[in-house]
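**Q** Submitted below is the structure of interest, expressed as structure tokens.
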Amino acid sequence: MREIKVRYIKSLLEKKDYFDRWSDEDLKLITEEIKDQIYQEYYTKHVVFNRDHFECQVEDCSFDESPLTLHHYKHKSNGGKTTPRNCITVCQPHQKKYHSGKKALKFKNRNDLPSHIAGHTQAHDWYTQGKPRHQFNFKKIKKEMRVLRKDNKEHWGRPISIERLLILLIWLFGIEL
């Protein structure tokens, strides 16, 4: 049996304690609703990583030392929530290959994983339909978006507030303020 490597152990903080570590300036920028969202994502990440023993849950994963990330089984764009039942720990190489349409993810069959994920294979539409993702002209799209962003002073066609930017940075880089 493979030895479980613990990469990161930290006790789960209560919401009050989690935000006590933030500066007063940062706390003034966010509302209670945004605090709830930030804490919910922190809580889910903590629970899922602990449940999955801080290792990629893709069968026969050979990327032992790569950073881990949360993978949403039901994608956010399809109404998937950031909950322990919908998330699983995956290494970044597998996450990138999956979202580029180059790889299907076959998850380990473990009893502590949600039953709809354990032992199942998940493939992106691009992978199942045999259409390479690069069929789109990304250079043209990026150029159009740059023009739109420059003209409207928006990021990728969407206005972005300081609160949303803060949430994004905290989520992507695991920054604890």
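Order determines the names: the first chain of the structure tokens is A, the second B, and so forth; residues in each chain are numbered 1 upward, and ligands are numbered 1 upward as they are shown.
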Can you list, as number ranges by chain, all residues belonging to region 12-52 of chain A that DSSP tags as alpha helix (DSSP H)?

**A** A: 15-20, 24-29, 32-51

**Q** Those same residues, written as a compact mmCIF listing (two decimals), in the first residue's frame with N, CA and C atoms?

**A**
# COMPACT_ATOMS: atom_id res chain seq x y z
N LYS A 15 -14.64 31.07 11.24
CA LYS A 15 -14.77 32.24 10.36
C LYS A 15 -14.18 33.49 11.02
N LYS A 16 -14.49 33.70 12.29
CA LYS A 16 -14.00 34.88 13.01
C LYS A 16 -12.46 34.89 13.04
N ASP A 17 -11.88 33.73 13.38
CA ASP A 17 -10.42 33.62 13.44
C ASP A 17 -9.78 33.78 12.07
N TYR A 18 -10.43 33.27 11.04
CA TYR A 18 -9.91 33.38 9.68
C TYR A 18 -9.78 34.84 9.27
N PHE A 19 -10.81 35.64 9.55
CA PHE A 19 -10.78 37.05 9.13
C PHE A 19 -10.04 37.94 10.12
N ASP A 20 -9.74 37.46 11.33
CA ASP A 20 -8.92 38.23 12.27
C ASP A 20 -7.51 38.44 11.74
N ASP A 24 -7.29 45.56 8.57
CA ASP A 24 -8.53 46.34 8.64
C ASP A 24 -8.87 46.97 7.29
N GLU A 25 -7.84 47.37 6.55
CA GLU A 25 -8.05 47.98 5.23
C GLU A 25 -8.73 47.00 4.27
N ASP A 26 -8.27 45.76 4.27
CA ASP A 26 -8.85 44.74 3.41
C ASP A 26 -10.28 44.40 3.82
N LEU A 27 -10.52 44.34 5.12
CA LEU A 27 -11.86 44.00 5.61
C LEU A 27 -12.87 45.08 5.27
N LYS A 28 -12.44 46.32 5.18
CA LYS A 28 -13.36 47.41 4.81
C LYS A 28 -13.84 47.28 3.37
N LEU A 29 -13.05 46.63 2.54
CA LEU A 29 -13.37 46.52 1.11
C LEU A 29 -14.42 45.45 0.80
N GLU A 32 -20.26 41.40 4.04
CA GLU A 32 -20.48 40.13 4.75
C GLU A 32 -20.76 38.99 3.77
N GLU A 33 -21.48 39.30 2.69
CA GLU A 33 -21.80 38.27 1.69
C GLU A 33 -20.52 37.74 1.05
N ILE A 34 -19.60 38.63 0.74
CA ILE A 34 -18.33 38.21 0.14
C ILE A 34 -17.49 37.45 1.16
N LYS A 35 -17.53 37.88 2.41
CA LYS A 35 -16.83 37.14 3.47
C LYS A 35 -17.35 35.70 3.55
N ASP A 36 -18.67 35.55 3.45
CA ASP A 36 -19.27 34.21 3.49
C ASP A 36 -18.76 33.35 2.33
N GLN A 37 -18.67 33.94 1.13
CA GLN A 37 -18.19 33.21 -0.04
C GLN A 37 -16.72 32.80 0.13
N ILE A 38 -15.91 33.73 0.60
CA ILE A 38 -14.48 33.45 0.80
C ILE A 38 -14.30 32.34 1.83
N TYR A 39 -15.03 32.43 2.93
CA TYR A 39 -14.89 31.42 3.97
C TYR A 39 -15.40 30.07 3.49
N GLN A 40 -16.49 30.05 2.74
CA GLN A 40 -17.03 28.79 2.22
C GLN A 40 -16.01 28.10 1.32
N GLU A 41 -15.31 28.87 0.48
CA GLU A 41 -14.29 28.29 -0.39
C GLU A 41 -13.11 27.78 0.43
N TYR A 42 -12.70 28.54 1.44
CA TYR A 42 -11.61 28.10 2.33
C TYR A 42 -12.01 26.80 3.04
N TYR A 43 -13.22 26.76 3.57
CA TYR A 43 -13.71 25.58 4.29
C TYR A 43 -13.73 24.36 3.37
N THR A 44 -14.27 24.51 2.17
CA THR A 44 -14.37 23.40 1.23
C THR A 44 -12.99 22.88 0.86
N LYS A 45 -12.06 23.79 0.57
CA LYS A 45 -10.71 23.38 0.21
C LYS A 45 -10.07 22.59 1.35
N HIS A 46 -10.24 23.05 2.56
CA HIS A 46 -9.69 22.37 3.73
C HIS A 46 -10.27 20.96 3.89
N VAL A 47 -11.58 20.85 3.81
CA VAL A 47 -12.26 19.56 3.99
C VAL A 47 -11.88 18.58 2.89
N VAL A 48 -11.89 19.04 1.64
CA VAL A 48 -11.61 18.16 0.51
C VAL A 48 -10.16 17.68 0.53
N PHE A 49 -9.21 18.59 0.76
CA PHE A 49 -7.80 18.18 0.79
C PHE A 49 -7.56 17.18 1.91
N ASN A 50 -8.16 17.38 3.06
CA ASN A 50 -8.00 16.42 4.16
C ASN A 50 -8.64 15.08 3.82
N ARG A 51 -9.84 15.11 3.27
CA ARG A 51 -10.53 13.87 2.90
C ARG A 51 -9.70 13.07 1.89

**Q** Quick one: residues within 7 Å of region 68-74 of chain A, only C-alpha atoms, excluding same-chain residues fewer than 6 positions away - as a list in words?

**A** Lys45, Cys56, Gly80, Asn86, Cys87, Ile88, Thr89, Val90, Cys91 and Gln92 of chain A

**Q** Could you write out the selected residues, including C-alpha atoms, as a PDB file, in the first residue's frame?

**A**
ATOM      1  CA  LYS A  45     -10.708  23.380   0.210  1.00  0.00           C
ATOM      2  CA  CYS A  56      -4.259  13.650  -6.564  1.00  0.00           C
ATOM      3  CA  GLY A  80     -21.898  23.214  -9.864  1.00  0.00           C
ATOM      4  CA  ASN A  86     -18.849  18.311  -5.772  1.00  0.00           C
ATOM      5  CA  CYS A  87     -15.071  18.804  -5.403  1.00  0.00           C
ATOM      6  CA  ILE A  88     -12.110  16.456  -5.570  1.00  0.00           C
ATOM      7  CA  THR A  89      -8.355  16.968  -5.215  1.00  0.00           C
ATOM      8  CA  VAL A  90      -6.470  16.852  -8.511  1.00  0.00           C
ATOM      9  CA  CYS A  91      -2.901  17.848  -9.379  1.00  0.00           C
ATOM     10  CA  GLN A  92      -2.422  20.828 -11.674  1.00  0.00           C
TER      11      GLN A  92
END

**Q** Name the closest residue to Ala118 (chain A) among the candidates A:Ile170, A:Leu12, A:Gln57, A:Ser100; distances are taken between atoms, counting only C-alpha atoms.

**A**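 Ranked by minimum distance to Ala118 (chain A), first place goes to A:Gln57.
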
**Q** Please indicate the distance in Å from CA of Phe54 (chain A) to CA of Gly119 (chain A), rounded to one decimal place.

**A**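 Distance between the two atoms: 18.1 Å.
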
**Q** For the atom pair CA of Ile30 (chain A) and CA of Glu163 (chain A), what is the interatomic distance in Å to one decimal place?

**A**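 Separation between CA of Ile30 (chain A) and CA of Glu163 (chain A): 5.8 Å.
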
**Q** So that I can check the surroundings of Lys108 (chain A), please list as number ranges by chain every protein, DNA and RNA residue that reaches within 10 Å of it, counting only C-alpha atoms and ignoring chain neighbours fewer than 3 positions away.

**A** A: 56-61, 105, 111, 113, 117-121

**Q** Between CA of Gln95 (chain A) and CA of Glu14 (chain A), what distance in Å does the model show, to one decimal?

**A**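 One can read the CA of Gln95 (chain A) to CA of Glu14 (chain A) distance as 29.3 Å.
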
**Q** Counting only C-alpha atoms, figure out which residue out of A:Thr82, A:Glu65, A:His94, A:His53 gets nearest to Asp112 (chain A).

**A**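 Under the stated criterion, the closest residue is A:His53.
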
**Q** Find the spatial neighbours of Tyr98 (chain A), counting only C-alpha atoms, within a cut-off of 9 Å - ignore same-chain residues fewer than 4 positions away - and output them as an NGL selection string.

**A** :A and (93-94 or 102-105 or 122-124 or 127)

**Q** Mind dumping the selected residues with N, CA and C atoms as a PDB file, in the first residue's frame?

**A**
ATOM      1  N   PRO A  93      -1.203  19.363 -13.285  1.00  0.00           N
ATOM      2  CA  PRO A  93      -1.050  18.810 -14.640  1.00  0.00           C
ATOM      3  C   PRO A  93      -2.305  18.091 -15.141  1.00  0.00           C
ATOM      4  N   HIS A  94      -2.947  17.301 -14.280  1.00  0.00           N
ATOM      5  CA  HIS A  94      -4.177  16.626 -14.708  1.00  0.00           C
ATOM      6  C   HIS A  94      -5.302  17.635 -14.954  1.00  0.00           C
ATOM      7  N   LYS A 102      -7.427  17.200 -23.505  1.00  0.00           N
ATOM      8  CA  LYS A 102      -6.431  16.199 -23.890  1.00  0.00           C
ATOM      9  C   LYS A 102      -6.493  14.924 -23.060  1.00  0.00           C
ATOM     10  N   LYS A 103      -7.227  14.940 -21.954  1.00  0.00           N
ATOM     11  CA  LYS A 103      -7.214  13.771 -21.062  1.00  0.00           C
ATOM     12  C   LYS A 103      -8.552  13.611 -20.357  1.00  0.00           C
ATOM     13  N   ALA A 104      -8.969  12.372 -20.207  1.00  0.00           N
ATOM     14  CA  ALA A 104     -10.116  12.045 -19.367  1.00  0.00           C
ATOM     15  C   ALA A 104      -9.570  11.693 -17.987  1.00  0.00           C
ATOM     16  N   LEU A 105     -10.315  12.022 -16.947  1.00  0.00           N
ATOM     17  CA  LEU A 105      -9.874  11.752 -15.584  1.00  0.00           C
ATOM     18  C   LEU A 105     -10.591  10.517 -15.044  1.00  0.00           C
ATOM     19  N   GLN A 122     -14.303  10.937 -15.939  1.00  0.00           N
ATOM     20  CA  GLN A 122     -14.898  12.185 -16.395  1.00  0.00           C
ATOM     21  C   GLN A 122     -14.094  12.676 -17.587  1.00  0.00           C
ATOM     22  N   ALA A 123     -14.781  12.955 -18.668  1.00  0.00           N
ATOM     23  CA  ALA A 123     -14.108  13.444 -19.871  1.00  0.00           C
ATOM     24  C   ALA A 123     -14.764  14.743 -20.322  1.00  0.00           C
ATOM     25  N   HIS A 124     -13.947  15.638 -20.804  1.00  0.00           N
ATOM     26  CA  HIS A 124     -14.446  16.921 -21.303  1.00  0.00           C
ATOM     27  C   HIS A 124     -15.106  16.700 -22.653  1.00  0.00           C
ATOM     28  N   TYR A 127     -12.830  16.186 -25.538  1.00  0.00           N
ATOM     29  CA  TYR A 127     -12.178  14.877 -25.545  1.00  0.00           C
ATOM     30  C   TYR A 127     -13.121  13.817 -26.111  1.00  0.00           C
TER      31      TYR A 127
END
